[in-house]
Amino acid sequence: VRLADLAERLGGVLIGDSEAVITGVAGIREASEGDLTFLASPRYAVYADQTKATAILVANGARGINKPVIQIDDPYAAFLEAAKLFRPVAEELRPGVHPTAVIGSGVRLGEGVSIGAQVVIESGAAVGDGTAIAALCYLGNGSRVGARGSIHAGVLIGERCILGDDVVVHAGTVIGSDGFGFAWNGQGHRKIPQVGAVVIEDDVEIGANCAIDRGTVGDTRVGRGSRLDNLVHVGHNVQVGEHSLLIAQVGIGGSTRIGKQVTLAGQVGIVGHVEIGDGTQIGAQAGVIHSVPPGSRVWGYPAMPLAQSKRVYASIKRTPQLLKQVRDLEQRLENLERSLGNGKPTSGGEAPTAERHGESEDD
Amino acid sequence: VRLADLAERLGGVLIGDSEAVITGVAGIREASEGDLTFLASPRYAVYADQTKATAILVANGARGINKPVIQIDDPYAAFLEAAKLFRPVAEELRPGVHPTAVIGSGVRLGEGVSIGAQVVIESGAAVGDGTAIAALCYLGNGSRVGARGSIHAGVLIGERCILGDDVVVHAGTVIGSDGFGFAWNGQGHRKIPQVGAVVIEDDVEIGANCAIDRGTVGDTRVGRGSRLDNLVHVGHNVQVGEHSLLIAQVGIGGSTRIGKQVTLAGQVGIVGHVEIGDGTQIGAQAGVIHSVPPGSRVWGYPAMPLAQSKRVYASIKRTPQLLKQVRDLEQRLENLERSLGNGKPTSGGEAPTAERHGESEDD
Amino acid sequence: VRLADLAERLGGVLIGDSEAVITGVAGIREASEGDLTFLASPRYAVYADQTKATAILVANGARGINKPVIQIDDPYAAFLEAAKLFRPVAEELRPGVHPTAVIGSGVRLGEGVSIGAQVVIESGAAVGDGTAIAALCYLGNGSRVGARGSIHAGVLIGERCILGDDVVVHAGTVIGSDGFGFAWNGQGHRKIPQVGAVVIEDDVEIGANCAIDRGTVGDTRVGRGSRLDNLVHVGHNVQVGEHSLLIAQVGIGGSTRIGKQVTLAGQVGIVGHVEIGDGTQIGAQAGVIHSVPPGSRVWGYPAMPLAQSKRVYASIKRTPQLLKQVRDLEQRLENLERSLGNGKPTSGGEAPTAERHGESEDD
């Protein structure tokens with residue numbers, strides 16, 4: 001699409017090369033050549049200089065950007081509009097209840113709701129205005145999904161779980177499985193009934209094939225605006241704060257509290273019963289076994305402050321060499337002590353020998 | 001709920017503060033203030049002193065506990081009863097087969113069985129007395145689920161797989177997918193047919209969105225009383241012993257044998273074809289690449305004995321400093337050797353230099 | 001089964017012990033006693049000496065194998081035939097569309113297609129000749145599955161995603177969930193529309209409960225002949241080359257390119273926007289944060305060349321001892337310096353002390 005044509009179609013004012021060709025859309029930090037991106041806040045203007053995007057949607061009056069821009073009232077709304085141009089087939093929207101759906105007694109369905117084929121909604125459940133429940137979903141007894149939600153195919157929501165407004169859940173995700181609560185009684189692991197629920201607050205998006213357990217008593221909660229990627233595990237009674245990001249395959253042990261605007265990178269594991277402070281960023285695959293104060297940046301197995309972990313992981317690469325250096329130092333020192341003929345080397349030399357014996361149990 | 005009222009309702013004898021307020025239930029080690037817990041065996045009396053629970057259900061005649069207790073015939077049964085009080089909505093039980101369920105030829109359904117909406121049961125399958133198969137489940141040809149089971153929504157069980165009595169499987173779990181067996185023939189990875197099955201023994205509970213592969217030939221097996229958390233992967237021909245615990249996101253490679261009463265903490269990975277001895281405990285995210293003898297406690301990447309791994313992970317934090325210390329030692333020793341004017345330092349000093357060159361390939 | 005009987009049934013020529021008993025089938029490297037295996041190419045003859053299999057299917061004229069062999073025209077075809085003998089119940093094949101399946105407008109179904117119970121196929125989708133779509137699957141608008149495919153129960157394929165010929169997808173897997181693309185605008189993580197699709201090329205097999213995201217713009221792609229195990233995460237715009245193996249619970253960040261014939265062992269994590277060269281092998285649980293050149297063998301957290309990582313992980317076990325050795329060396333050197341009465345020890349000794357203070361921030 002020619003940039004000038006795009007500007008016209010979106011109703012914005014183009015400043016810059018009208019012949020530039022746009023082939024896609026992307027976020028400002030991920031954009032490549034040919035992409036259109038957007039700048040929603042002047043606070044993020046620094047990214048406008050760094051982005052590889054070909055053009056940027058900006059607010060009316062935005063200045064000082066050294067790239068083609070389209071000035072427009074609402075850059076993000078225009079960006080969503082532009083994205084549709086690159087989607088080859090329009091999604092079918094079918095308000096109404098598919099005849100194969102099974103709807104229990106006392107189920108409340110809002111206006112404009114779309115219930116797909118083979119869906120099962122148990123009695124007492126409720127679906128808010130404008131929400132789409134795709135094919136093959138399950139909503140348990142008394143569960144509730146708010147307005148304007150998008151619940152993709154095959155999502156399984158257990159009894160009494162509550163999803164707020166504007167929630168997106170991708171295919172295959174389970175919300176409200178029992179928490180992992182058992183007590184050994186000498187003969188077996190006896191089940192601790194899991195009678196709590198899950199609360200997903202407004203404007204949360206959850207990826208595919210995740211598993212979010214209900215609380216033992218009380219609720220597991222994912223805070224407003226948070227985003228979960230695919231295959232994420234959230235244990236019972238976990239509390240995730242607002243606007244946090246849990247990247248793919250993250251696992252969070254029971255009763256752990258994740259603060260606001262926390263980022264957990266891919267495959268991070270966090271034990272149960274700890275607290276991750278607001279604004280914390282945890283690097284990929286880190287293993288967190290203690291609470292972490294607000295604003296931390298941590299990484300490693302087990303997790304440490306990020307700066308330290310970088311030093312540690314750089315330096316452990318030198319341990320094979322270090323072992324040789326220390327062995328060499330010991331030899332040279334012993335030679336020196338011997339050549340000076342004083343009694344100390346003997347006693348001084350014994351200690352490490354003894355310790356070396358102790359070390360052998362480590363191997 | 002007032003503790004005195006709770007004791008009366010459960011039919012037990014209250015010893016202690018009748019005005020205490022109970023707000024939930026929990027296992028004795030996880031309980032917080034306000035919780036009711038239970039003590040099933042005097043062997044676990046030590047936890048009665050440590051628990052934060054407000055009151056404890058104990059056997060008649062149990063003594064020496066410094067907390068409010070309710071004495072009762074069967075503390076665990078009473079605990080399950082009490083748990084129901086904190087569940088706001090009762091689960092609907094619907095014996096019978098939902099009209100939308102598709103039941104193949106020759107399927108045997110026991111007494112009191114509940115088959116949910118949109119369920120598909122292929123020919124030759126069997127479901128035992130009192131078992132509930134929730135909505136949207138799939139039971140393949142010739143598969144069998146025992147008595148008193150609870151198979152949650154969207155569980156997918158492959159052909160010929162066998163689940164024992166009193167088995168619970170949470171939503172979205174797959175039992176009986178093909179094992180990952182391929183042989184490279186120079187042009188491609190050709191499939192090794194996976195013709196075995198999966199056997200889940202009695203009293204097993206499996207979490208949400210797990211994947212348990214069938215055996216290549218012979219069976220993959222999960223032993224009686226074991227518990228799997230969410231998103232666990234069990235490879236083909238794996239054998240899990242009795243009463244073992246596999247916490248969330250654990251992955252077990254093909255043909256590995258897990259003993260009895262083993263605990264694998266979250267995100268543990270175990271390679272194929274190894275043996276994990278009875279009673280072993282493996283710490284979170286550990287990577288196990290060798291067999292482990294019975295009664296081991298291991299942790300780390302790769303896994304080591306726990307005590308060793310704790311020392312190692314504490315000490316590697318000091319390697320950045322250690323590098324400086326050793327560099328300083330080398331300098332001081334060289335100065336000393338030089339000041340003593342003997343020939344040794346030159347030759348002694350060369351070796352580490354050469355080795356330092358060698359080290360550069362490591363970086 | 002007696003080996004002589006098996007040879008007769010398969011129509012091959014037995015050379016060796018006709019009384020040997022075959023109890024199963026397996027790949028040549030995984031086979032145990034009692035197994036029949038196959039040798040498809042003389043290039044892999046080396047495995048014939050190492051295998052524990054009881055007998056080997058080989059091409060006519062194959063010589064020099066020190067084991068019972070069955071000579072036959074097509075050893076792999078015969079192997080597949082033999083495997084059926086060990087499958088107790090034959091799978092039911094039901095060409096045709098189950099009456100409970102919901103088929104949208106304009107859906108094209110090839111010849112001999114089997115569509116299972118409760119399946120939902122949206123408008124504009126297509127299924128190729130001879131493909132089986134098992135019960136409870138979902139095919140979104142405009143999605144396409146090629147010929148001779150096997151899509152197991154509960155697989156969820158999003159709109160416009162394309163699967164080639166001879167593709168196998170195991171139960172519960174999601175193809176075409178939205179990529180994890182958000183941009184922080186100061187108030188929330190605003191969604192970057194994910195308008196691309198997923199392309200699965202010919203002859204790919206994908207395990208159970210995986211999640212493969214659609215591209216932001218453009219496609220996520222899994223190359224011909226590749227194999228994915230269970231619970232694998234593939235981020236948006238990832239490109240997986242031909243004949244690669246992704247073992248269970250692997251996670252790949254967005255826009256990363258995996259080359260041809262790459263092996264990613266279990267639980268490997270790879271960050272986004274890197275490139276993994278052809279033929280690379282990455283060890284279990286490795287964390288890859290940089291691009292890797294073709295033919296690499298890497299392992300570790302973070303990942304390093306395999307040979308280096310083995311040395312590093314062996315040597316870090318010695319760091320607890322190393323700390324003591326260095327402390328001892330420092331003491332002995334200080335004693336020596338002191339006994340020699342020169343001024344250097346004082347200044348030389350101070351530096352490490354100061355550094356030791358610095359180190360305390362690391363703990």
# chains A, B, ... in the order shown; residues from 1 in each chain; ligands from 1

call {"tool": "closest_atom_pairs", "arguments": {"of": "chain C", "to": "chain B", "cutoff": "6 Å", "atoms": "only C-alpha atoms", "output": "tab-separated table"}}
result
residue	atom	partner	partner_atom	distance
C:Gly24	CA	B:Val217	CA	5.8
C:Gly27	CA	B:Ala183	CA	6.0
C:Ala40	CA	B:Asn185	CA	5.7
C:Arg87	CA	B:Val195	CA	5.1
C:Lys317	CA	B:Val312	CA	5.8
C:Thr319	CA	B:Ser315	CA	5.9
C:Pro320	CA	B:Ser315	CA	5.4

call {"tool": "select_by_dssp", "arguments": {"residues": "region 146-221 of chain C", "states": "strand (DSSP E or B)", "output": "ChimeraX atom specification"}}
result
/C:150-151,156-157,162-163,168-169,174-177,182-184,189-191,198-200,205-206,211-213,220-221

call {"tool": "write_last_selection", "arguments": {"atoms": "C-alpha atoms", "output": "short mmCIF file (atom, residue, chain, number, x, y, z; two decimals), in the first residue's frame"}}
result
data_model
loop_
_atom_site.label_atom_id
_atom_site.label_comp_id
_atom_site.auth_asym_id
_atom_site.auth_seq_id
_atom_site.Cartn_x
_atom_site.Cartn_y
_atom_site.Cartn_z
CA SER C 150 -4.24 -37.10 10.79
CA ILE C 151 -5.63 -34.42 13.08
CA LEU C 156 -7.86 -26.18 17.47
CA ILE C 157 -6.73 -24.52 14.22
CA ILE C 162 -2.51 -23.76 6.45
CA LEU C 163 -1.35 -27.33 7.03
CA VAL C 168 -0.06 -35.28 11.95
CA VAL C 169 -1.24 -33.14 14.88
CA VAL C 174 -3.52 -25.03 19.20
CA ILE C 175 -2.34 -23.65 15.86
CA GLY C 176 -2.91 -19.98 15.14
CA SER C 177 -3.34 -18.34 18.53
CA PHE C 182 1.65 -5.46 22.87
CA ALA C 183 2.89 -1.91 23.10
CA TRP C 184 2.88 0.01 26.37
CA HIS C 189 -0.33 -2.80 27.08
CA ARG C 190 -2.18 -2.06 23.84
CA LYS C 191 -2.59 -4.94 21.45
CA VAL C 198 0.62 -20.23 10.53
CA VAL C 199 1.96 -22.44 7.76
CA ILE C 200 2.76 -26.06 8.60
CA GLU C 205 4.21 -34.08 13.05
CA ILE C 206 3.21 -32.01 16.09
CA ALA C 211 0.74 -23.74 21.05
CA ILE C 212 1.88 -22.23 17.74
CA ASP C 213 1.16 -18.52 17.35
CA THR C 220 4.85 -18.42 11.41
CA ARG C 221 6.24 -21.46 9.60
#

call {"tool": "select_by_dssp", "arguments": {"residues": "region 53-206 of chain B", "states": "helix (DSSP H, G or I)", "output": "list of chain:residue names"}}
result
B:Pro75, B:Tyr76, B:Ala77, B:Ala78, B:Phe79, B:Leu80, B:Glu81, B:Ala82, B:Ala83, B:Lys84, B:Leu85

call {"tool": "residues_around", "arguments": {"residues": "Gln50 (chain A)", "least_positions_apart": "6", "cutoff": "12 Å", "atoms": "only C-alpha atoms", "output": "list of chain:residue names"}}
result
A:Ile28, A:Arg29, A:Glu30, A:Ala31, A:Ser32, A:Tyr44, A:Ile56, A:Ile65, A:Asn66, A:Lys67

call {"tool": "residues_around", "arguments": {"residues": "Ala307 (chain B)", "least_positions_apart": "6", "cutoff": "9 Å", "atoms": "only C-alpha atoms", "output": "VMD selection string"}}
result
chain B and resid 297 to 299

call {"tool": "closest_residue", "arguments": {"among": "B:Asp165, B:Asp73, B:Glu201, B:Glu337", "to": "Gly61 (chain B)", "atoms": "only C-alpha atoms"}}
result
B:Asp73

call {"tool": "atom_distance", "arguments": {"atom1": "CA of Ala45 (chain C)", "atom2": "CA of His290 (chain B)"}}
result
28.0 Å

call {"tool": "atom_distance", "arguments": {"atom1": "CA of Gly341 (chain C)", "atom2": "CA of Leu323 (chain C)"}}
result
27.0 Å

call {"tool": "closest_residue", "arguments": {"among": "C:Leu264, C:Leu109, C:Val145, C:Gly259", "to": "Gly96 (chain C)", "atoms": "only C-alpha atoms"}}
result
C:Leu109
